[in-house]
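Dumped my_file20.csv below, it's CSV, C-alpha atoms:
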chain,number,residue,atom,x,y,z
H,1,MET,CA,-12.5,20.4,-3.9
H,2,SER,CA,-16.3,20.2,-3.5
H,3,LYS,CA,-18.6,23.2,-2.8
H,4,THR,CA,-22.1,23.2,-1.4
H,5,ILE,CA,-24.6,25.9,-2.0
H,6,SER,CA,-28.1,26.6,-0.6
H,7,PHE,CA,-30.4,29.0,-2.3
H,8,HIS,CA,-32.5,30.3,0.5
H,9,LEU,CA,-35.0,33.0,1.7
H,10,GLN,CA,-37.6,32.0,4.2
H,11,LYS,CA,-40.3,33.7,2.0
H,12,GLY,CA,-42.1,31.4,-0.4
H,13,GLY,CA,-42.4,31.9,-4.2
H,14,VAL,CA,-39.1,33.6,-4.8
H,15,GLY,CA,-37.7,30.9,-7.1
H,16,LYS,CA,-35.7,28.7,-4.7
H,17,THR,CA,-36.5,25.4,-6.4
H,18,THR,CA,-36.4,26.9,-9.9
H,19,ILE,CA,-33.0,28.4,-9.4
H,20,SER,CA,-31.6,25.3,-7.5
H,21,GLY,CA,-32.8,23.1,-10.3
H,22,THR,CA,-31.7,25.3,-13.2
H,23,LEU,CA,-28.2,25.9,-11.8
H,24,SER,CA,-27.8,22.2,-11.0
H,25,CYS,CA,-28.5,21.5,-14.6
H,26,GLN,CA,-26.1,24.2,-15.8
H,27,SER,CA,-23.3,22.9,-13.6
H,28,ALA,CA,-23.9,19.3,-14.8
H,29,MET,CA,-24.0,20.4,-18.5
H,30,ASN,CA,-20.7,22.1,-17.9
H,31,GLY,CA,-19.2,18.7,-17.0
H,32,PHE,CA,-19.2,18.9,-13.2
H,33,THR,CA,-20.6,16.0,-11.2
H,34,THR,CA,-23.4,17.7,-9.5
H,35,LEU,CA,-25.8,16.5,-6.8
H,36,LEU,CA,-29.1,18.2,-6.2
H,37,VAL,CA,-30.3,17.3,-2.6
H,38,ASP,CA,-34.0,17.8,-2.2
H,39,VAL,CA,-34.4,19.1,1.4
H,40,ASP,CA,-38.0,20.2,0.8
H,41,PRO,CA,-40.6,17.9,2.3
H,42,GLN,CA,-42.8,18.8,-0.7
H,43,GLY,CA,-40.3,17.2,-3.0
H,44,ASN,CA,-40.8,19.6,-6.0
H,45,ALA,CA,-37.2,19.4,-7.2
H,46,SER,CA,-37.5,15.6,-7.2
H,47,SER,CA,-40.7,15.4,-9.2
H,48,TRP,CA,-39.3,18.0,-11.6
H,49,PHE,CA,-36.3,15.9,-12.6
H,50,TYR,CA,-37.4,12.3,-11.9
H,51,ASP,CA,-40.6,10.9,-13.3
H,52,GLY,CA,-40.8,7.4,-11.9
H,53,GLU,CA,-40.9,5.4,-8.7
H,54,LEU,CA,-38.0,5.1,-6.2
H,55,GLN,CA,-37.4,3.1,-3.1
H,56,TYR,CA,-35.4,5.4,-0.9
H,57,GLU,CA,-35.2,9.1,-0.2
H,58,LEU,CA,-33.2,11.7,1.8
H,59,SER,CA,-34.9,11.0,5.1
H,60,ASP,CA,-34.1,7.3,4.8
H,61,VAL,CA,-30.4,8.2,4.5
H,62,LEU,CA,-30.6,10.5,7.4
H,63,GLN,CA,-32.2,7.8,9.6
H,64,GLY,CA,-29.8,5.1,8.5
H,65,LYS,CA,-32.5,3.1,6.7
H,66,CYS,CA,-30.3,2.8,3.5
H,67,PHE,CA,-26.9,3.6,2.2
H,68,ILE,CA,-26.4,7.0,0.5
H,69,THR,CA,-25.7,5.2,-2.8
H,70,GLU,CA,-29.0,3.4,-2.7
H,71,ALA,CA,-31.0,6.7,-2.5
H,72,ILE,CA,-29.1,8.8,-5.1
H,73,VAL,CA,-30.3,8.5,-8.6
H,74,GLU,CA,-28.7,9.6,-11.9
H,75,ILE,CA,-30.9,11.9,-14.1
H,76,PRO,CA,-30.8,10.1,-17.4
H,77,THR,CA,-31.5,13.2,-19.6
H,78,ILE,CA,-28.7,15.3,-18.0
H,79,PRO,CA,-25.3,13.7,-17.9
H,80,ASN,CA,-23.4,14.4,-14.6
H,81,LEU,CA,-26.6,15.4,-12.7
H,82,PHE,CA,-27.6,13.3,-9.7
H,83,LEU,CA,-30.5,13.6,-7.3
H,84,LEU,CA,-31.0,12.7,-3.7
H,85,PRO,CA,-34.8,12.8,-3.7
H,86,THR,CA,-37.6,13.5,-1.3
H,87,PHE,CA,-41.0,12.0,-1.8
H,88,GLY,CA,-43.8,14.5,-1.8
H,89,ILE,CA,-46.3,11.8,-1.1
H,90,GLY,CA,-45.6,9.1,1.4
H,91,GLY,CA,-42.2,10.6,2.3
H,92,GLY,CA,-40.7,10.8,5.7
H,93,LEU,CA,-38.8,14.1,5.7
H,94,LYS,CA,-41.5,16.2,7.2
H,95,GLN,CA,-41.9,13.9,10.1
H,96,TYR,CA,-38.2,13.5,10.5
H,97,ALA,CA,-37.9,17.3,10.6
H,98,GLU,CA,-40.6,17.6,13.2
H,99,THR,CA,-39.5,14.8,15.5
H,100,LYS,CA,-35.8,14.0,15.2
H,101,ILE,CA,-33.7,16.8,13.6
H,102,ALA,CA,-33.7,18.9,16.8
H,103,ASP,CA,-31.5,16.3,18.4
H,104,GLU,CA,-29.0,16.2,15.6
H,105,PRO,CA,-28.7,19.7,13.9
H,106,TYR,CA,-25.4,18.7,12.3
H,107,VAL,CA,-26.9,15.7,10.5
H,108,LEU,CA,-27.0,17.4,7.1
H,109,GLN,CA,-23.5,18.7,7.6
H,110,ASP,CA,-22.2,15.2,8.2
H,111,LEU,CA,-24.1,14.0,5.1
H,112,VAL,CA,-22.6,16.8,2.9
H,113,ARG,CA,-19.1,16.0,4.2
H,114,GLU,CA,-19.6,12.4,3.2
H,115,LEU,CA,-21.0,13.3,-0.2
H,116,SER,CA,-18.3,15.8,-1.0
H,117,GLY,CA,-15.9,13.0,-1.8
H,118,SER,CA,-18.1,11.9,-4.7
H,119,PHE,CA,-19.5,15.1,-6.1
H,120,GLU,CA,-17.8,18.3,-7.2
H,121,ARG,CA,-20.8,20.5,-6.6
H,122,ILE,CA,-23.7,20.0,-4.3
H,123,ILE,CA,-26.9,22.1,-4.3
H,124,LEU,CA,-29.4,21.9,-1.4
H,125,ASP,CA,-33.0,22.8,-2.3
H,126,LEU,CA,-34.9,24.0,0.8
H,127,SER,CA,-38.5,24.7,1.5
H,128,PRO,CA,-39.7,28.1,2.7
H,129,GLY,CA,-39.3,28.9,6.4
H,130,LEU,CA,-36.5,28.9,8.9
H,131,GLY,CA,-37.2,25.8,10.9
H,132,LYS,CA,-34.8,23.3,12.2
H,133,LEU,CA,-34.6,21.5,8.9
H,134,GLU,CA,-33.7,24.6,7.0
H,135,ARG,CA,-31.2,25.7,9.7
H,136,SER,CA,-29.5,22.3,9.5
H,137,ALA,CA,-29.2,22.7,5.8
H,138,LEU,CA,-28.0,26.2,5.9
H,139,ILE,CA,-25.1,25.3,8.2
H,140,ALA,CA,-24.2,22.4,6.0
H,141,SER,CA,-23.5,24.8,3.2
H,142,ASP,CA,-20.4,26.6,2.2
H,143,GLU,CA,-22.4,29.5,0.9
H,144,ILE,CA,-26.0,30.7,0.9
H,145,ILE,CA,-27.3,32.7,-2.0
H,146,THR,CA,-30.6,34.4,-1.6
H,147,PRO,CA,-33.1,34.5,-4.4
H,148,MET,CA,-35.7,37.2,-4.1
H,149,THR,CA,-38.4,38.8,-6.3
H,150,PRO,CA,-38.3,42.5,-6.9
H,151,GLU,CA,-41.1,43.5,-4.5
H,152,VAL,CA,-41.5,44.8,-1.0
H,153,PHE,CA,-42.3,41.5,0.8
H,154,SER,CA,-39.1,40.0,-0.5
H,155,LEU,CA,-37.2,43.0,0.9
H,156,ASP,CA,-38.8,42.5,4.2
H,157,GLY,CA,-37.9,38.8,3.9
H,158,LEU,CA,-34.3,39.6,3.2
H,159,GLU,CA,-34.1,41.9,6.1
H,160,ILE,CA,-35.4,39.2,8.4
H,161,PHE,CA,-33.1,36.6,6.9
H,162,ILE,CA,-30.0,38.6,7.4
H,163,ASP,CA,-30.9,39.1,11.0
H,164,GLU,CA,-31.8,35.5,11.6
H,165,LEU,CA,-28.8,34.1,9.8
H,166,GLU,CA,-26.4,36.1,12.0
H,167,LYS,CA,-28.0,34.3,15.0
H,168,ILE,CA,-27.9,30.9,13.4
H,169,LYS,CA,-24.2,31.4,12.5
H,170,LYS,CA,-23.4,32.4,16.0
H,171,ASN,CA,-25.5,29.8,17.8
H,172,LEU,CA,-24.4,26.9,15.6
H,173,ARG,CA,-20.8,28.2,15.1
H,174,SER,CA,-21.1,28.2,11.3
H,175,PRO,CA,-18.8,30.1,8.9
H,176,VAL,CA,-21.3,29.9,6.1
H,177,ARG,CA,-21.0,32.8,3.6
H,178,HIS,CA,-23.9,35.0,2.5
H,179,GLU,CA,-22.7,37.5,0.0
H,180,LYS,CA,-24.8,37.1,-3.1
H,181,ILE,CA,-28.5,37.7,-4.0
H,182,ILE,CA,-30.4,36.8,-7.2
H,183,ILE,CA,-33.2,39.1,-8.2
H,184,ASN,CA,-35.6,36.6,-9.9
H,185,SER,CA,-38.4,37.3,-12.4
H,186,PHE,CA,-36.8,40.7,-13.2
H,187,ASP,CA,-38.7,42.8,-15.8
H,188,GLU,CA,-36.7,45.8,-16.9
H,189,ARG,CA,-39.9,47.5,-18.1
H,190,ILE,CA,-41.1,47.8,-14.5
H,191,ARG,CA,-39.8,50.7,-12.6
H,192,GLN,CA,-40.1,49.0,-9.2
H,193,HIS,CA,-37.8,46.2,-10.4
H,194,LYS,CA,-35.2,48.7,-11.7
H,195,ASP,CA,-35.3,50.7,-8.4
H,196,ILE,CA,-34.8,47.6,-6.3
H,197,TYR,CA,-32.0,46.3,-8.5
H,198,GLU,CA,-30.2,49.7,-8.5
H,199,ALA,CA,-30.6,50.0,-4.7
H,200,ALA,CA,-29.2,46.4,-4.3
H,201,MET,CA,-26.2,47.3,-6.5
H,202,MET,CA,-25.3,50.0,-4.0
H,203,GLY,CA,-25.0,47.6,-1.1
H,204,SER,CA,-22.3,45.1,-0.3
H,205,PHE,CA,-24.1,42.0,-1.9
H,206,GLU,CA,-23.0,40.7,-5.3
H,207,VAL,CA,-26.2,41.1,-7.2
H,208,PHE,CA,-27.5,38.9,-10.1
H,209,LYS,CA,-30.7,39.0,-11.9
H,210,ILE,CA,-32.8,36.4,-13.8
H,211,PRO,CA,-35.3,37.8,-16.3
H,212,VAL,CA,-38.9,36.7,-16.1
H,213,ASP,CA,-39.3,33.8,-18.5
H,214,PRO,CA,-42.3,31.5,-18.9
H,215,VAL,CA,-40.0,28.6,-20.0
H,216,PHE,CA,-39.1,27.8,-16.3
H,217,ARG,CA,-42.7,27.0,-15.5
H,218,LYS,CA,-43.2,25.0,-18.7
H,219,SER,CA,-40.0,23.0,-18.2
H,220,GLN,CA,-41.2,22.0,-14.7
H,221,GLU,CA,-44.5,20.8,-16.1
H,222,ARG,CA,-42.7,18.6,-18.7
H,223,ASN,CA,-40.0,17.3,-16.3
H,224,VAL,CA,-37.1,18.7,-18.3
H,225,ALA,CA,-34.2,21.0,-17.7
H,226,PRO,CA,-35.1,24.6,-18.7
H,227,GLN,CA,-32.0,24.7,-20.9
H,228,LEU,CA,-33.3,21.7,-22.9
H,229,PHE,CA,-36.9,22.7,-23.1
H,230,LYS,CA,-38.2,23.6,-26.6
H,231,GLN,CA,-41.7,24.3,-27.7
H,232,ARG,CA,-42.2,25.1,-31.4
H,233,GLY,CA,-38.5,25.6,-31.6
H,234,LYS,CA,-38.4,28.1,-28.8
H,235,GLY,CA,-36.7,27.7,-25.4
H,236,LEU,CA,-35.3,30.0,-22.8
H,237,LYS,CA,-34.8,33.6,-24.0
H,238,PRO,CA,-31.1,34.3,-24.9
H,239,ILE,CA,-31.0,36.9,-22.1
H,240,THR,CA,-32.1,34.3,-19.6
H,241,LEU,CA,-29.5,31.8,-20.8
H,242,GLU,CA,-26.9,34.4,-20.5
H,243,ALA,CA,-28.0,35.3,-17.0
H,244,ILE,CA,-27.8,31.6,-15.9
H,245,LYS,CA,-24.4,31.2,-17.4
H,246,LYS,CA,-23.2,34.3,-15.7
H,247,ILE,CA,-24.4,33.1,-12.3
H,248,ASP,CA,-23.0,29.7,-12.8
H,249,ALA,CA,-19.6,31.1,-13.7
H,250,LYS,CA,-19.5,33.1,-10.5
H,251,ILE,CA,-21.0,31.0,-7.7
H,252,TRP,CA,-18.7,28.0,-7.7
H,253,ARG,CA,-15.5,30.0,-7.2
K,1,MET,CA,-61.9,70.2,-18.3
K,2,ALA,CA,-60.1,66.9,-18.5
K,3,LEU,CA,-57.8,65.9,-15.7
K,4,LYS,CA,-54.2,66.3,-16.6
K,5,LYS,CA,-51.6,63.8,-15.3
K,6,ASN,CA,-48.9,65.4,-13.1
K,7,SER,CA,-45.9,63.5,-14.6
K,8,THR,CA,-43.3,65.4,-12.6
K,9,VAL,CA,-44.4,64.1,-9.2
K,10,ALA,CA,-44.9,60.6,-10.4
K,11,GLU,CA,-41.4,60.3,-11.9
K,12,ASN,CA,-39.5,62.0,-9.2
K,13,GLU,CA,-41.0,60.2,-6.2
K,14,ASP,CA,-39.5,57.0,-4.9
K,15,SER,CA,-41.9,54.1,-4.7
K,16,ILE,CA,-42.3,52.4,-1.3
K,17,SER,CA,-40.3,49.5,-2.7
K,18,ALA,CA,-37.5,51.8,-3.8
K,19,LEU,CA,-37.4,53.5,-0.4
K,20,LYS,CA,-37.4,50.2,1.4
K,21,ALA,CA,-34.7,48.8,-0.8
K,22,LYS,CA,-32.5,51.8,-0.4
K,23,GLN,CA,-32.9,51.6,3.4
K,24,LEU,CA,-32.2,47.9,3.5
K,25,PHE,CA,-29.1,47.9,1.4
K,26,LYS,CA,-27.8,51.1,2.9
K,27,HIS,CA,-28.0,49.6,6.4
K,28,ASP,CA,-26.2,46.6,5.3
K,29,SER,CA,-23.0,47.4,7.2
K,30,ARG,CA,-20.8,44.6,6.0
K,31,PRO,CA,-17.5,45.7,4.4
K,32,LYS,CA,-17.7,46.2,0.7
K,33,LYS,CA,-15.5,43.9,-1.4
K,34,GLU,CA,-12.2,45.5,-2.4
K,35,ASN,CA,-11.3,45.9,-6.0
K,36,LYS,CA,-8.5,43.7,-7.1
K,37,VAL,CA,-5.1,45.0,-8.2
K,38,LEU,CA,-3.2,43.5,-11.0
K,39,THR,CA,0.1,42.0,-10.1
K,40,THR,CA,2.7,40.1,-12.2
K,41,PHE,CA,5.5,37.7,-11.4
K,42,SER,CA,7.7,35.3,-13.4
K,43,ILE,CA,7.8,31.5,-12.8
K,44,GLU,CA,9.5,28.5,-14.3
K,45,PRO,CA,7.3,27.0,-17.0
K,46,SER,CA,7.5,23.5,-15.6
K,47,PHE,CA,6.4,24.7,-12.2
K,48,LYS,CA,3.6,26.7,-13.8
K,49,ARG,CA,2.3,23.6,-15.6
K,50,GLU,CA,2.5,21.6,-12.4
K,51,LEU,CA,0.4,24.3,-10.6
K,52,GLU,CA,-2.1,24.6,-13.4
K,53,GLU,CA,-2.7,20.9,-13.4
K,54,MET,CA,-3.3,21.0,-9.6
K,55,PHE,CA,-5.6,24.0,-9.8
K,56,SER,CA,-7.5,22.5,-12.7
K,57,GLY,CA,-8.2,19.4,-10.6
K,58,MET,CA,-9.7,21.7,-8.0
K,59,GLY,CA,-11.9,23.4,-10.7
K,60,LEU,CA,-9.8,26.6,-10.5
K,61,GLY,CA,-8.2,28.6,-13.2
K,62,TRP,CA,-4.7,30.1,-13.0
K,63,ALA,CA,-5.6,33.3,-11.2
K,64,ALA,CA,-8.2,31.8,-8.9
K,65,GLY,CA,-5.8,29.1,-8.0
K,66,ILE,CA,-3.0,31.5,-7.2
K,67,ARG,CA,-5.3,33.6,-5.0
K,68,PHE,CA,-6.6,30.5,-3.3
K,69,ALA,CA,-3.1,29.2,-2.7
K,70,LEU,CA,-1.9,32.5,-1.3
K,71,LYS,CA,-4.9,32.8,1.0
K,72,GLU,CA,-4.3,29.3,2.4
K,73,PHE,CA,-0.6,30.2,2.9
K,74,SER,CA,-1.6,33.4,4.6
K,75,LYS,CA,-4.0,31.6,6.9
K,76,LYS,CA,-1.4,29.0,7.8
K,77,TYR,CA,1.4,31.3,8.6
K,78,SER,CA,-0.3,34.4,10.0
K,79,GLU,CA,-1.3,32.7,13.2
What's the structure tokens form of this structure?
Amino acid sequence: MSKTISFHLQKGGVGKTTISGTLSCQSAMNGFTTLLVDVDPQGNASSWFYDGELQYELSDVLQGKCFITEAIVEIPTIPNLFLLPTFGIGGGLKQYAETKIADEPYVLQDLVRELSGSFERIILDLSPGLGKLERSALIASDEIITPMTPEVFSLDGLEIFIDELEKIKKNLRSPVRHEKIIINSFDERIRQHKDIYEAAMMGSFEVFKIPVDPVFRKSQERNVAPQLFKQRGKGLKPITLEAIKKIDAKIWR
Amino acid sequence: MALKKNSTVAENEDSISALKAKQLFKHDSRPKKENKVLTTFSIEPSFKRELEEMFSGMGLGWAAGIRFALKEFSKKYSE
């Protein structure tokens, strides 16, 4: 049975793409056929994992310009990981989102349904914001997990997102679940981070944390999975790897 | 005279972030997840193997598979 997850908060800079990409890699490394769908018109997830030229992208599939199989690419360095890309330059997703998706809000839901026969796990990487494209992706998911950074603007963002998501679920008749949050770039030496984590643990969300780790940024610069990145023999901190494995073990249930 | 840090105030006061976080997560009115209870039952080994294979194909372990199956059963017959 396939499961689709979106990592979303409308606020930028909380680690949506980093977490989507990292957990896609973790899932694939554990042997599950995993598809990362780049629903961000900027195409950062695509350029992170694929360093080459491609003919088709997500917006071509959505507009019937090619078959799904023509647009999906296998990531050669990570067995079981596949990408449905978006071109940051010369791509059509932004224009599609501005002009056409309003008439077909369930287009991504239909796409996911079709893909779920071929992939065990699907991750949708979204851009910041809560426009029609993001709404369409959210209701195409079985579960939304919110990444946030431990600071006050993320808390504001989460408050807004909880409120907006209720409306989206009601208006678009969606049963999508929102029960987990990931506190990203967590630094246990900072009191503000600990305070926010402790407060979150008191609520009804299942709370995870990912420690601050420079390897995420470095791995993106080098187009590799964070788990495979090594510089002078050093990669992700053991505590970071442990956190990623813990999240992976919980989210696909 | 040098200015002395008032450490008591600094350590006991909640930061703005902490106050905001407490308020946000406190107002989150959704029901908390129940703790699970342990339950046991016996089953024929061949049937257990059959179920384990089926659950494994769905990416589920034994306990998760049983919970999923019971939830589906409950959904189907409770209406």
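The residue that comes closest to chain H, out of K:Ile66, K:Val37, K:Leu60, K:Ala2 and on the basis of all atoms listed in the file, is K:Leu60.
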Using only C-alpha atoms, find the one residue out of H:Ile78, H:Val212, H:Ile239, H:Leu84 that sits nearest to Val224 (chain H).
H:Ile78
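The point (-16.5, 20.2, -4.8) has these residues within 8 Å of it when all atoms listed in the file are used: Met1, Ser2, Lys3, Thr4, Ser116, Gly117, Phe119, Glu120, Arg121 and Ile122 of chain H; Met58 of chain K.
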With a distance cut-off of 9 Å and only C-alpha atoms, select the neighbouring residues of Ala18 (chain K), excluding the residue or stretch itself and same-chain residues fewer than 2 positions from it, and output the selection as number ranges by chain.
H: 152, 192-196, 198-199; K: 14-16, 20-23
Would you pick out the contacts of region 14-29 of chain H at 8 Å or less, using only C-alpha atoms, so that residues sharing its chain but fewer than 3 positions from it are not included, and give the list as a count of residues only?
34
Hey, what's within 7 Å of Val176 (chain H) if we count all atoms listed in the file and toss same-chain stuff fewer than 5 positions away? As an mmCIF file with C-alpha atoms, in the frame of the given file, please?
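Output contents, as saved in selection-v5.cif:
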data_model
loop_
_atom_site.group_PDB
_atom_site.id
_atom_site.type_symbol
_atom_site.label_atom_id
_atom_site.label_comp_id
_atom_site.auth_asym_id
_atom_site.auth_seq_id
_atom_site.Cartn_x
_atom_site.Cartn_y
_atom_site.Cartn_z
ATOM 1 C CA ILE H 139 -25.100 25.300 8.200
ATOM 2 C CA SER H 141 -23.500 24.800 3.200
ATOM 3 C CA ASP H 142 -20.400 26.600 2.200
ATOM 4 C CA GLU H 143 -22.400 29.500 0.900
#
Residues within 7 Å of Glu206 (chain H), all atoms listed in the file, excluding chain neighbours under 4 positions, as a list in words:
Glu179, Lys180 and Ile181 of chain H
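Near region 45-55 of chain K, within a cut-off of 10 Å and counting only C-alpha atoms, sit the residues Met1 of chain H; Ser42, Ile43, Gly57, Met58, Gly59, Leu60, Gly61, Trp62, Ala63, Ala64, Gly65, Ile66, Phe68 and Ala69 of chain K, with same-chain residues fewer than 2 positions away left out.
Proximity to chain K was assessed for H:Ile190, H:Ala249, H:Ile183, H:Leu155 counting only C-alpha atoms; the smallest distance is recorded for H:Leu155.
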